[in-house]
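Heads up, the thing below is written out as C-alpha cells.
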Amino acid sequence: MEKKKTKVGFISLGCSKNLMDTEVMLGELNSAGYEITPEETEADIIILNTCSFIKDAKTEAVDNILDIAWLKDNASLKGLIVCGCLVQRYGEEILSEFPEVDAILSVGAIHEIADAVKAVENGEKYVSVKPPEQASMGGDRIVTTPEHYAYMKIAEGCDNRCTYCAIPNIRGKFRSRPMEDLIKEAKDMEKLGVRELILVAQDTTRYGQDLYGEYKLAELIHSISEQTYIPWIRVLYCYPDKITEELLDEFKNNERLVKYIDIPIQHINDDVLKKMNRHGGKEAIVSSIKKLRGISPYMTIRSTVIVGFPGETEEQFSELLAYLKEARFDRLGVFEYSKEEGTPAEKFKGQVSKEKKAERYKAVTEQQAEIVDELNAEKEGQIVKVLIEGYDPVSESYYSRSYADAPEIDGKIYITGAPKNAFSPGDFADVKIYASVDCDLVAEIYSGSKHKRKI
Ligand code: SF4
C-alpha cells in the first residue's frame, strides 16, 4: 500500500517580503513530495513563518504559536515548525519558551525546510539559526496570492540603518538579486497568468548598487517591460533620496509601470530625520515628491510617517502636520513610534508619552481622512481602467482595483450593475466612478466595455 503523504500547512505572517519566503518554502516542500494543505485542521505539520519587525508583530507571532500548540495538544497535529524573523531575533529561546515547537529555522536557514519537516516526521527536533546573509534568495515558488498578481522580491536586507528599525539586524545587509534571475522569474510569473507584478524589497530604490555599483531599478523595470507583456508593474518601498532621473523617466515613458509609488518619508523635520538616521533630509523629500507629482496629475503617492519619535517637540510635530497637509498624499500609513529591542532609538532620551503619541496619531489620521475625502470626491466622474478581483454576491457587485490601489493595503473599487458572469478575476474593464465610501470607490461599467486580458 502506498505510504500516506505528510500534509503540511502554512501560516505566513507579516509583509509581502515574508510571504515570498513562504512561497519559496512551499515550492521546496512541493518538490520534495509533500502535500500542501490550506486547512490547518487537516495538516500533520504546520509551518509558521513569523514577522517580528515591531512589538505588535511579535505578539501576533506568539499568539499563533499558542493557537497551533493547542491543535497539537487537542487535535491530530503532529509537528510545529517556526521560522523567519522571530527565530532570527530570538533563536533557541523560542524552543525553551514554547516546548510545543519542534523545529526552528531562521531567515538564513529557510532553505532547510525539507530537512526540518523530515526530522519532525521522525519525531526529532531540528534547529538551524544562521546569519540572514546565508539565505539564498529566490527559487521556484508556489505563488499564494490570487492568480492575477504576484510579488517579486528584488533584494533582501537593508543598509539604511534607521535608528528605530530592527530590520537590518534581522534581515542582514542589503543584497540585490541578479537582474537575469529577476527577468526569468518575471517571465515565469507571466506564464502563470500574472497581470500585475509587484516589486518589493526593504529598499527597492537601492536595487543594483551592491551588485552593479549603481542604482538599477529603472533598468530592471525597463527590461521586465521589454521581455514580458505583464500589463501592470508596481513598485513598493522606495526611499526618497534615491529617486533617480532614470526612474522618473521610466514613470513618464513606460505605460506599464503604474503611476503609483510607495515612498515612506517617516518625518519632515530635519532634526528628527537626522536622529532617525534617514538620509537626504527635508530637501530631498520635498524635491522627490515634487518631481513625482510633476510626472502626471494622476500620480498616486503612498507614504508612511512615525509620530512621537523620541525628542519630537510640538513644533517639529506641527511642521510634519503642515507638510502632510501641503503634500496631500493619496494614501498615508501613520505609526506611533514603538521602542524596538536592540535599536539605537530604544535608548534615546526624551521618549514621548503614550498619551502624546496617541494625540499626535489622532491629529494626523483626522487630517488625512479629510484629505482622502477630498481626493475621492475629485475622482467622481473619472473613467479608470480596473483589474477585476472578484464578485461579492452579498452586495451583487464586482470588486476591483485601479492603478492607484496596491493589493491588501489600499482600497477597492466596487462595480455595481454588471451582470454576475460578465468578468473573471484578472480581467480588465473601464469604469466610471460615481461615489465613494470611506477609502473605497463605487463605479459602473463605462460604455459596457469589456477588455479581456488587455495590455
Ligand atoms: S529603510 Fe530604514 S525603516 Fe526601512 S527597512 Fe531599512 S532600516 Fe528599516
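In the C-alpha cells, each chain is lettered A, B, ... as it comes, each chain's residues begin at 1, and ligands are numbered from 1 in order of appearance.
The list of residues with at least one atom within 8 Å of Gly84 (chain A), based on only C-alpha atoms and without residues fewer than 4 positions apart in the same chain, reads Asn18, Asn49, Thr50, Cys51, Gln88, Leu105, Ser106, Val107 and Ile110 of chain A.
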Give me the residues near region 223-238 of chain A as an MDAnalysis selection string, where near means some atom within 10 Å (using only C-alpha atoms) and where sequence neighbours in that chain fewer than 5 positions away do not count.
chainID A and resid 149 151:152 179:180 182:191 193:207 217:218 243 254:265 302:304 387 403:406 428 453:455
Residues from the last selection, C-alpha atoms, saved as a PDB file, in the first residue's frame:
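Final output, out.pdb:
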ATOM      1  CA  TYR A 149      -0.996  39.326  -9.155  1.00  0.00           C
ATOM      2  CA  TYR A 151       5.074  39.898  -5.554  1.00  0.00           C
ATOM      3  CA  MET A 152       8.677  39.648  -6.641  1.00  0.00           C
ATOM      4  CA  MET A 179      18.848  41.058 -12.919  1.00  0.00           C
ATOM      5  CA  GLU A 180      18.774  37.969 -15.166  1.00  0.00           C
ATOM      6  CA  LEU A 182      14.544  38.506 -11.832  1.00  0.00           C
ATOM      7  CA  ILE A 183      13.713  38.712 -15.521  1.00  0.00           C
ATOM      8  CA  LYS A 184      13.428  34.925 -15.643  1.00  0.00           C
ATOM      9  CA  GLU A 185      11.150  34.987 -12.612  1.00  0.00           C
ATOM     10  CA  ALA A 186       9.014  37.718 -14.195  1.00  0.00           C
ATOM     11  CA  LYS A 187       8.648  35.539 -17.317  1.00  0.00           C
ATOM     12  CA  ASP A 188       7.620  32.595 -15.128  1.00  0.00           C
ATOM     13  CA  MET A 189       5.035  34.780 -13.412  1.00  0.00           C
ATOM     14  CA  GLU A 190       3.693  35.871 -16.787  1.00  0.00           C
ATOM     15  CA  LYS A 191       3.303  32.216 -17.830  1.00  0.00           C
ATOM     16  CA  GLY A 193      -1.174  34.358 -15.756  1.00  0.00           C
ATOM     17  CA  VAL A 194       0.048  37.206 -13.556  1.00  0.00           C
ATOM     18  CA  ARG A 195      -1.398  40.554 -14.703  1.00  0.00           C
ATOM     19  CA  GLU A 196       0.282  42.698 -12.066  1.00  0.00           C
ATOM     20  CA  LEU A 197       3.831  42.192 -10.830  1.00  0.00           C
ATOM     21  CA  ILE A 198       4.734  43.997  -7.615  1.00  0.00           C
ATOM     22  CA  LEU A 199       8.414  44.655  -6.948  1.00  0.00           C
ATOM     23  CA  VAL A 200       9.333  44.597  -3.268  1.00  0.00           C
ATOM     24  CA  ALA A 201      12.440  44.837  -1.081  1.00  0.00           C
ATOM     25  CA  GLN A 202      13.289  46.691   2.121  1.00  0.00           C
ATOM     26  CA  ASP A 203      14.525  49.485  -0.154  1.00  0.00           C
ATOM     27  CA  THR A 204      13.696  48.910  -3.826  1.00  0.00           C
ATOM     28  CA  THR A 205      15.385  52.143  -4.953  1.00  0.00           C
ATOM     29  CA  ARG A 206      18.780  50.845  -3.836  1.00  0.00           C
ATOM     30  CA  TYR A 207      18.426  47.900  -6.228  1.00  0.00           C
ATOM     31  CA  LEU A 217      15.725  49.863 -10.508  1.00  0.00           C
ATOM     32  CA  ALA A 218      14.757  51.811 -13.635  1.00  0.00           C
ATOM     33  CA  ILE A 243      14.561  58.680  -6.839  1.00  0.00           C
ATOM     34  CA  ASN A 254       6.636  53.370 -19.512  1.00  0.00           C
ATOM     35  CA  GLU A 255       2.854  52.977 -19.540  1.00  0.00           C
ATOM     36  CA  ARG A 256       3.049  49.590 -17.897  1.00  0.00           C
ATOM     37  CA  LEU A 257       4.822  50.949 -14.831  1.00  0.00           C
ATOM     38  CA  VAL A 258       1.705  52.076 -12.996  1.00  0.00           C
ATOM     39  CA  LYS A 259       1.700  55.693 -11.856  1.00  0.00           C
ATOM     40  CA  TYR A 260       1.835  54.755  -8.208  1.00  0.00           C
ATOM     41  CA  ILE A 261       4.692  54.929  -5.777  1.00  0.00           C
ATOM     42  CA  ASP A 262       5.078  53.884  -2.185  1.00  0.00           C
ATOM     43  CA  ILE A 263       7.706  56.153  -0.642  1.00  0.00           C
ATOM     44  CA  PRO A 264       7.848  56.227   3.154  1.00  0.00           C
ATOM     45  CA  ILE A 265       9.122  59.623   4.379  1.00  0.00           C
ATOM     46  CA  ARG A 302       1.581  56.472  -0.716  1.00  0.00           C
ATOM     47  CA  SER A 303       3.749  57.344   2.253  1.00  0.00           C
ATOM     48  CA  THR A 304       4.323  56.451   5.897  1.00  0.00           C
ATOM     49  CA  LEU A 387      -8.337  44.947 -12.684  1.00  0.00           C
ATOM     50  CA  TYR A 403      -3.509  51.501 -10.842  1.00  0.00           C
ATOM     51  CA  ALA A 404      -3.948  53.720  -7.768  1.00  0.00           C
ATOM     52  CA  ASP A 405      -4.605  50.812  -5.413  1.00  0.00           C
ATOM     53  CA  ALA A 406      -1.995  48.303  -4.309  1.00  0.00           C
ATOM     54  CA  PHE A 428      -9.542  44.492 -17.142  1.00  0.00           C
ATOM     55  CA  ARG A 453      -6.554  40.378 -20.913  1.00  0.00           C
ATOM     56  CA  LYS A 454      -5.913  43.866 -22.222  1.00  0.00           C
ATOM     57  CA  ILE A 455      -2.364  45.239 -22.143  1.00  0.00           C
TER      58      ILE A 455
END
Contacts of Ile46 (chain A) at 10 Å (only C-alpha atoms; same-chain gap of 2+ positions) as a PDB file with N, CA and C atoms, in the first residue's frame:
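Written output follows (selection-v9.pdb):
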ATOM      1  N   LYS A   7       0.931  15.828   5.223  1.00  0.00           N
ATOM      2  CA  LYS A   7       0.307  17.087   4.802  1.00  0.00           C
ATOM      3  C   LYS A   7       0.895  18.242   5.602  1.00  0.00           C
ATOM      4  N   VAL A   8       1.321  19.259   4.881  1.00  0.00           N
ATOM      5  CA  VAL A   8       1.947  20.400   5.543  1.00  0.00           C
ATOM      6  C   VAL A   8       1.072  21.636   5.369  1.00  0.00           C
ATOM      7  N   GLY A   9       0.792  22.295   6.487  1.00  0.00           N
ATOM      8  CA  GLY A   9       0.027  23.549   6.443  1.00  0.00           C
ATOM      9  C   GLY A   9       0.957  24.725   6.711  1.00  0.00           C
ATOM     10  N   PHE A  10       0.592  25.890   6.214  1.00  0.00           N
ATOM     11  CA  PHE A  10       1.444  27.071   6.338  1.00  0.00           C
ATOM     12  C   PHE A  10       0.663  28.251   6.885  1.00  0.00           C
ATOM     13  N   ILE A  11       1.298  29.022   7.747  1.00  0.00           N
ATOM     14  CA  ILE A  11       0.726  30.314   8.136  1.00  0.00           C
ATOM     15  C   ILE A  11       1.834  31.331   7.921  1.00  0.00           C
ATOM     16  N   ILE A  36       0.660  19.974   0.263  1.00  0.00           N
ATOM     17  CA  ILE A  36       0.419  21.246   0.952  1.00  0.00           C
ATOM     18  C   ILE A  36      -1.091  21.387   1.145  1.00  0.00           C
ATOM     19  N   THR A  37      -1.482  21.734   2.356  1.00  0.00           N
ATOM     20  CA  THR A  37      -2.913  21.923   2.588  1.00  0.00           C
ATOM     21  C   THR A  37      -3.196  23.323   3.131  1.00  0.00           C
ATOM     22  N   GLU A  39      -5.809  23.895   4.832  1.00  0.00           N
ATOM     23  CA  GLU A  39      -6.618  23.687   6.047  1.00  0.00           C
ATOM     24  C   GLU A  39      -5.723  23.309   7.231  1.00  0.00           C
ATOM     25  N   GLU A  40      -5.664  24.198   8.212  1.00  0.00           N
ATOM     26  CA  GLU A  40      -4.829  23.905   9.392  1.00  0.00           C
ATOM     27  C   GLU A  40      -5.244  22.610  10.084  1.00  0.00           C
ATOM     28  N   THR A  41      -6.564  22.355  10.125  1.00  0.00           N
ATOM     29  CA  THR A  41      -7.042  21.177  10.862  1.00  0.00           C
ATOM     30  C   THR A  41      -6.717  19.871  10.137  1.00  0.00           C
ATOM     31  N   GLU A  42      -6.364  19.954   8.848  1.00  0.00           N
ATOM     32  CA  GLU A  42      -6.024  18.730   8.102  1.00  0.00           C
ATOM     33  C   GLU A  42      -4.526  18.441   8.134  1.00  0.00           C
ATOM     34  N   ALA A  43      -3.739  19.441   8.578  1.00  0.00           N
ATOM     35  CA  ALA A  43      -2.279  19.316   8.457  1.00  0.00           C
ATOM     36  C   ALA A  43      -1.687  18.367   9.499  1.00  0.00           C
ATOM     37  N   ASP A  44      -0.626  17.645   9.079  1.00  0.00           N
ATOM     38  CA  ASP A  44       0.141  16.837  10.038  1.00  0.00           C
ATOM     39  C   ASP A  44       1.194  17.728  10.706  1.00  0.00           C
ATOM     40  N   LEU A  48       4.981  27.899  10.658  1.00  0.00           N
ATOM     41  CA  LEU A  48       4.592  29.285  10.927  1.00  0.00           C
ATOM     42  C   LEU A  48       5.754  30.195  10.545  1.00  0.00           C
ATOM     43  N   ASN A  49       5.561  30.988   9.498  1.00  0.00           N
ATOM     44  CA  ASN A  49       6.620  31.923   9.094  1.00  0.00           C
ATOM     45  C   ASN A  49       6.325  33.274   9.732  1.00  0.00           C
ATOM     46  N   ILE A  68      -1.500  27.217  17.587  1.00  0.00           N
ATOM     47  CA  ILE A  68      -1.119  25.965  16.913  1.00  0.00           C
ATOM     48  C   ILE A  68      -0.761  24.903  17.954  1.00  0.00           C
ATOM     49  N   ALA A  69      -0.141  25.344  19.036  1.00  0.00           N
ATOM     50  CA  ALA A  69       0.196  24.398  20.106  1.00  0.00           C
ATOM     51  C   ALA A  69      -1.078  23.725  20.619  1.00  0.00           C
ATOM     52  N   LEU A  71      -3.654  22.966  18.871  1.00  0.00           N
ATOM     53  CA  LEU A  71      -4.001  21.912  17.903  1.00  0.00           C
ATOM     54  C   LEU A  71      -3.158  20.657  18.148  1.00  0.00           C
ATOM     55  N   LYS A  72      -1.928  20.869  18.579  1.00  0.00           N
ATOM     56  CA  LYS A  72      -1.047  19.720  18.854  1.00  0.00           C
ATOM     57  C   LYS A  72      -1.550  18.930  20.069  1.00  0.00           C
ATOM     58  N   LEU A  77      -2.665  17.236  15.022  1.00  0.00           N
ATOM     59  CA  LEU A  77      -1.409  17.854  14.557  1.00  0.00           C
ATOM     60  C   LEU A  77      -0.199  17.213  15.245  1.00  0.00           C
ATOM     61  N   LYS A  78       0.810  16.876  14.397  1.00  0.00           N
ATOM     62  CA  LYS A  78       1.977  16.179  14.980  1.00  0.00           C
ATOM     63  C   LYS A  78       3.170  17.100  15.189  1.00  0.00           C
ATOM     64  N   GLY A  79       3.285  18.146  14.378  1.00  0.00           N
ATOM     65  CA  GLY A  79       4.503  18.954  14.492  1.00  0.00           C
ATOM     66  C   GLY A  79       4.290  20.432  14.223  1.00  0.00           C
ATOM     67  N   LEU A  80       5.098  21.253  14.875  1.00  0.00           N
ATOM     68  CA  LEU A  80       5.043  22.707  14.665  1.00  0.00           C
ATOM     69  C   LEU A  80       6.456  23.219  14.392  1.00  0.00           C
ATOM     70  N   ILE A  81       6.609  23.860  13.234  1.00  0.00           N
ATOM     71  CA  ILE A  81       7.914  24.432  12.861  1.00  0.00           C
ATOM     72  C   ILE A  81       7.762  25.945  12.812  1.00  0.00           C
ATOM     73  N   VAL A  82       8.629  26.654  13.511  1.00  0.00           N
ATOM     74  CA  VAL A  82       8.581  28.118  13.492  1.00  0.00           C
ATOM     75  C   VAL A  82       9.794  28.622  12.722  1.00  0.00           C
ATOM     76  N   VAL A 117      11.231  19.361   8.066  1.00  0.00           N
ATOM     77  CA  VAL A 117       9.970  18.599   8.057  1.00  0.00           C
ATOM     78  C   VAL A 117      10.269  17.104   8.242  1.00  0.00           C
TER      79      VAL A 117
END
Residues of chain A within 8 Å of ligand 1: nearest atom pair and distance (Å, one decimal) for each, counting only C-alpha atoms and all ligand atoms, sorted by chain and number, as CSV?
residue,atom,partner,partner_atom_place_in_ligand_line,distance
A:Gly157,CA,ligand 1,5 (S),7.4
A:Cys158,CA,ligand 1,6 (Fe),4.7
A:Asp159,CA,ligand 1,6 (Fe),6.3
A:Asn160,CA,ligand 1,7 (S),4.7
A:Arg161,CA,ligand 1,7 (S),4.1
A:Cys162,CA,ligand 1,7 (S),4.2
A:Thr163,CA,ligand 1,7 (S),7.2
A:Tyr164,CA,ligand 1,3 (S),7.3
A:Cys165,CA,ligand 1,8 (Fe),4.6
A:Ala166,CA,ligand 1,8 (Fe),6.5
A:Ile167,CA,ligand 1,8 (Fe),5.1
A:Pro168,CA,ligand 1,7 (S),5.8
A:Gln202,CA,ligand 1,5 (S),4.8
A:Asp203,CA,ligand 1,1 (S),5.8
A:Tyr237,CA,ligand 1,4 (Fe),7.9
A:Tyr239,CA,ligand 1,1 (S),7.1
A:Arg278,CA,ligand 1,2 (Fe),7.2
Generate the output file for the selected residues, N, CA and C atoms, as a PDB file, in the first residue's frame.
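The result, written out as out-v8.pdb:
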ATOM      1  N   GLY A 157      17.392  42.420   2.790  1.00  0.00           N
ATOM      2  CA  GLY A 157      18.202  43.145   3.763  1.00  0.00           C
ATOM      3  C   GLY A 157      18.160  44.653   3.563  1.00  0.00           C
ATOM      4  N   CYS A 158      18.867  45.364   4.442  1.00  0.00           N
ATOM      5  CA  CYS A 158      18.843  46.822   4.349  1.00  0.00           C
ATOM      6  C   CYS A 158      20.120  47.414   4.939  1.00  0.00           C
ATOM      7  N   ASP A 159      20.648  48.419   4.253  1.00  0.00           N
ATOM      8  CA  ASP A 159      21.856  49.098   4.742  1.00  0.00           C
ATOM      9  C   ASP A 159      21.545  50.493   5.281  1.00  0.00           C
ATOM     10  N   ASN A 160      20.288  50.860   5.345  1.00  0.00           N
ATOM     11  CA  ASN A 160      19.972  52.246   5.709  1.00  0.00           C
ATOM     12  C   ASN A 160      20.125  52.529   7.204  1.00  0.00           C
ATOM     13  N   ARG A 161      19.911  51.528   8.013  1.00  0.00           N
ATOM     14  CA  ARG A 161      20.131  51.663   9.454  1.00  0.00           C
ATOM     15  C   ARG A 161      19.363  52.807  10.105  1.00  0.00           C
ATOM     16  N   CYS A 162      18.099  52.905   9.813  1.00  0.00           N
ATOM     17  CA  CYS A 162      17.249  53.879  10.512  1.00  0.00           C
ATOM     18  C   CYS A 162      17.290  53.497  11.998  1.00  0.00           C
ATOM     19  N   THR A 163      17.388  54.491  12.870  1.00  0.00           N
ATOM     20  CA  THR A 163      17.689  54.173  14.273  1.00  0.00           C
ATOM     21  C   THR A 163      16.535  53.493  15.015  1.00  0.00           C
ATOM     22  N   TYR A 164      15.329  53.530  14.448  1.00  0.00           N
ATOM     23  CA  TYR A 164      14.170  52.931  15.118  1.00  0.00           C
ATOM     24  C   TYR A 164      13.898  51.507  14.629  1.00  0.00           C
ATOM     25  N   CYS A 165      14.674  51.031  13.654  1.00  0.00           N
ATOM     26  CA  CYS A 165      14.265  49.842  12.915  1.00  0.00           C
ATOM     27  C   CYS A 165      15.131  48.626  13.219  1.00  0.00           C
ATOM     28  N   ALA A 166      14.471  47.492  13.446  1.00  0.00           N
ATOM     29  CA  ALA A 166      15.187  46.254  13.777  1.00  0.00           C
ATOM     30  C   ALA A 166      15.524  45.437  12.527  1.00  0.00           C
ATOM     31  N   ILE A 167      15.003  45.854  11.388  1.00  0.00           N
ATOM     32  CA  ILE A 167      15.156  45.036  10.168  1.00  0.00           C
ATOM     33  C   ILE A 167      16.617  44.717   9.812  1.00  0.00           C
ATOM     34  N   PRO A 168      17.526  45.698   9.824  1.00  0.00           N
ATOM     35  CA  PRO A 168      18.898  45.337   9.422  1.00  0.00           C
ATOM     36  C   PRO A 168      19.492  44.229  10.305  1.00  0.00           C
ATOM     37  N   GLN A 202      13.329  45.728   1.019  1.00  0.00           N
ATOM     38  CA  GLN A 202      13.289  46.691   2.121  1.00  0.00           C
ATOM     39  C   GLN A 202      13.504  48.089   1.563  1.00  0.00           C
ATOM     40  N   ASP A 203      14.282  48.191   0.506  1.00  0.00           N
ATOM     41  CA  ASP A 203      14.525  49.485  -0.154  1.00  0.00           C
ATOM     42  C   ASP A 203      14.721  49.196  -1.648  1.00  0.00           C
ATOM     43  N   TYR A 237       7.975  50.399  -1.516  1.00  0.00           N
ATOM     44  CA  TYR A 237       9.104  50.625  -0.593  1.00  0.00           C
ATOM     45  C   TYR A 237      10.284  51.369  -1.231  1.00  0.00           C
ATOM     46  N   TYR A 239      12.848  54.773  -1.419  1.00  0.00           N
ATOM     47  CA  TYR A 239      13.477  55.657  -0.434  1.00  0.00           C
ATOM     48  C   TYR A 239      13.634  57.039  -1.080  1.00  0.00           C
ATOM     49  N   ARG A 278      17.721  59.032   8.846  1.00  0.00           N
ATOM     50  CA  ARG A 278      17.175  58.986   7.481  1.00  0.00           C
ATOM     51  C   ARG A 278      18.085  59.851   6.620  1.00  0.00           C
TER      52      ARG A 278
END
Mind checking which residues fall within 8 Å of Gly280 (chain A), counting only C-alpha atoms, ignoring those fewer than 5 positions away in the same chain, and posting them as a PyMOL selection string?
chain A and resi 240-241+285
Expected file contents, prior selection, C-alpha atoms, as a PDB file, in the first residue's frame:
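Contents of out_11.pdb, as written:
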ATOM      1  CA  PRO A 240      13.119  59.432  -1.036  1.00  0.00           C
ATOM      2  CA  ASP A 241      16.768  60.278  -1.669  1.00  0.00           C
ATOM      3  CA  ILE A 285      11.951  64.570   0.402  1.00  0.00           C
TER       4      ILE A 285
END
Of the candidates A:Lys274, A:Lys118, A:His111, A:Arg89, which shows the shortest atom-to-atom distance to Gly172 (chain A), using only C-alpha atoms?
A:Arg89
Could you give me, as a PyMOL selection string, each residue of region 141-247 of chain A that DSSP assigns to alpha helix (DSSP H) when run on this structure's backbone?
chain A and resi 167-171+179-191+209-212+217-227+245-247
Would you save the residues of that selection, restricted to N, CA and C atoms, as a compact mmCIF listing (two decimals), in the first residue's frame?
# COMPACT_ATOMS: atom_id res chain seq x y z
N ILE A 167 15.00 45.85 11.39
CA ILE A 167 15.16 45.04 10.17
C ILE A 167 16.62 44.72 9.81
N PRO A 168 17.53 45.70 9.82
CA PRO A 168 18.90 45.34 9.42
C PRO A 168 19.49 44.23 10.31
N ASN A 169 19.10 44.19 11.59
CA ASN A 169 19.59 43.11 12.47
C ASN A 169 18.96 41.77 12.10
N ILE A 170 17.73 41.84 11.62
CA ILE A 170 17.01 40.59 11.34
C ILE A 170 17.30 40.08 9.93
N ARG A 171 17.31 41.00 8.98
CA ARG A 171 17.40 40.58 7.57
C ARG A 171 18.79 40.75 6.97
N MET A 179 19.92 40.62 -12.04
CA MET A 179 18.85 41.06 -12.92
C MET A 179 18.32 39.92 -13.79
N GLU A 180 19.24 39.05 -14.28
CA GLU A 180 18.77 37.97 -15.17
C GLU A 180 17.85 37.00 -14.42
N ASP A 181 18.12 36.78 -13.10
CA ASP A 181 17.23 35.89 -12.32
C ASP A 181 15.84 36.52 -12.20
N LEU A 182 15.83 37.83 -12.02
CA LEU A 182 14.54 38.51 -11.83
C LEU A 182 13.74 38.52 -13.13
N ILE A 183 14.43 38.71 -14.24
CA ILE A 183 13.71 38.71 -15.52
C ILE A 183 13.14 37.32 -15.80
N LYS A 184 13.93 36.30 -15.45
CA LYS A 184 13.43 34.93 -15.64
C LYS A 184 12.19 34.70 -14.77
N GLU A 185 12.30 35.18 -13.52
CA GLU A 185 11.15 34.99 -12.61
C GLU A 185 9.92 35.75 -13.12
N ALA A 186 10.14 36.94 -13.65
CA ALA A 186 9.01 37.72 -14.19
C ALA A 186 8.37 36.95 -15.36
N LYS A 187 9.20 36.33 -16.19
CA LYS A 187 8.65 35.54 -17.32
C LYS A 187 7.84 34.35 -16.79
N ASP A 188 8.36 33.72 -15.73
CA ASP A 188 7.62 32.59 -15.13
C ASP A 188 6.27 33.07 -14.60
N MET A 189 6.28 34.24 -13.97
CA MET A 189 5.04 34.78 -13.41
C MET A 189 4.04 35.06 -14.55
N GLU A 190 4.56 35.58 -15.64
CA GLU A 190 3.69 35.87 -16.79
C GLU A 190 3.03 34.58 -17.29
N LYS A 191 3.85 33.50 -17.36
CA LYS A 191 3.30 32.22 -17.83
C LYS A 191 2.19 31.72 -16.90
N GLN A 209 22.86 48.59 -6.49
CA GLN A 209 24.07 49.29 -6.04
C GLN A 209 25.17 48.32 -5.58
N ASP A 210 24.79 47.29 -4.85
CA ASP A 210 25.79 46.35 -4.35
C ASP A 210 26.36 45.47 -5.47
N LEU A 211 25.50 45.07 -6.42
CA LEU A 211 25.94 44.14 -7.47
C LEU A 211 26.60 44.84 -8.64
N TYR A 212 26.05 46.01 -9.01
CA TYR A 212 26.49 46.66 -10.26
C TYR A 212 27.14 48.03 -10.03
N LEU A 217 17.16 50.19 -10.54
CA LEU A 217 15.73 49.86 -10.51
C LEU A 217 15.06 50.21 -11.83
N ALA A 218 15.39 51.39 -12.37
CA ALA A 218 14.76 51.81 -13.64
C ALA A 218 15.09 50.81 -14.75
N GLU A 219 16.35 50.39 -14.80
CA GLU A 219 16.75 49.45 -15.85
C GLU A 219 16.04 48.10 -15.68
N LEU A 220 15.90 47.68 -14.43
CA LEU A 220 15.21 46.42 -14.18
C LEU A 220 13.76 46.50 -14.67
N ILE A 221 13.08 47.59 -14.32
CA ILE A 221 11.68 47.73 -14.73
C ILE A 221 11.59 47.77 -16.26
N HIS A 222 12.52 48.49 -16.87
CA HIS A 222 12.53 48.61 -18.32
C HIS A 222 12.72 47.23 -18.96
N SER A 223 13.67 46.46 -18.43
CA SER A 223 13.94 45.14 -19.01
C SER A 223 12.75 44.19 -18.84
N ILE A 224 12.12 44.24 -17.67
CA ILE A 224 10.94 43.38 -17.46
C ILE A 224 9.85 43.76 -18.46
N SER A 225 9.70 45.07 -18.68
CA SER A 225 8.66 45.54 -19.62
C SER A 225 8.98 45.10 -21.04
N GLU A 226 10.26 45.09 -21.37
CA GLU A 226 10.63 44.69 -22.73
C GLU A 226 10.51 43.19 -22.95
N GLN A 227 10.75 42.43 -21.89
CA GLN A 227 10.82 40.98 -22.08
C GLN A 227 9.58 40.21 -21.64
N GLU A 245 16.80 60.23 -11.89
CA GLU A 245 16.19 60.76 -13.11
C GLU A 245 15.72 59.60 -13.99
N GLU A 246 16.50 58.50 -14.01
CA GLU A 246 16.12 57.33 -14.83
C GLU A 246 14.77 56.77 -14.37
N LEU A 247 14.61 56.73 -13.04
CA LEU A 247 13.34 56.19 -12.53
C LEU A 247 12.18 57.13 -12.89
Expressed in Å, the length from CA of Tyr434 (chain A) to CA of Ala418 (chain A) is 14.5 Å
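Using only C-alpha atoms, the protein and nucleic acid residues lying no more than 12 Å from Glu355 (chain A), apart from those fewer than 5 places from it along its own chain, are Val307, Gly308, Glu336, Arg360, Tyr361 and Lys362 of chain A.
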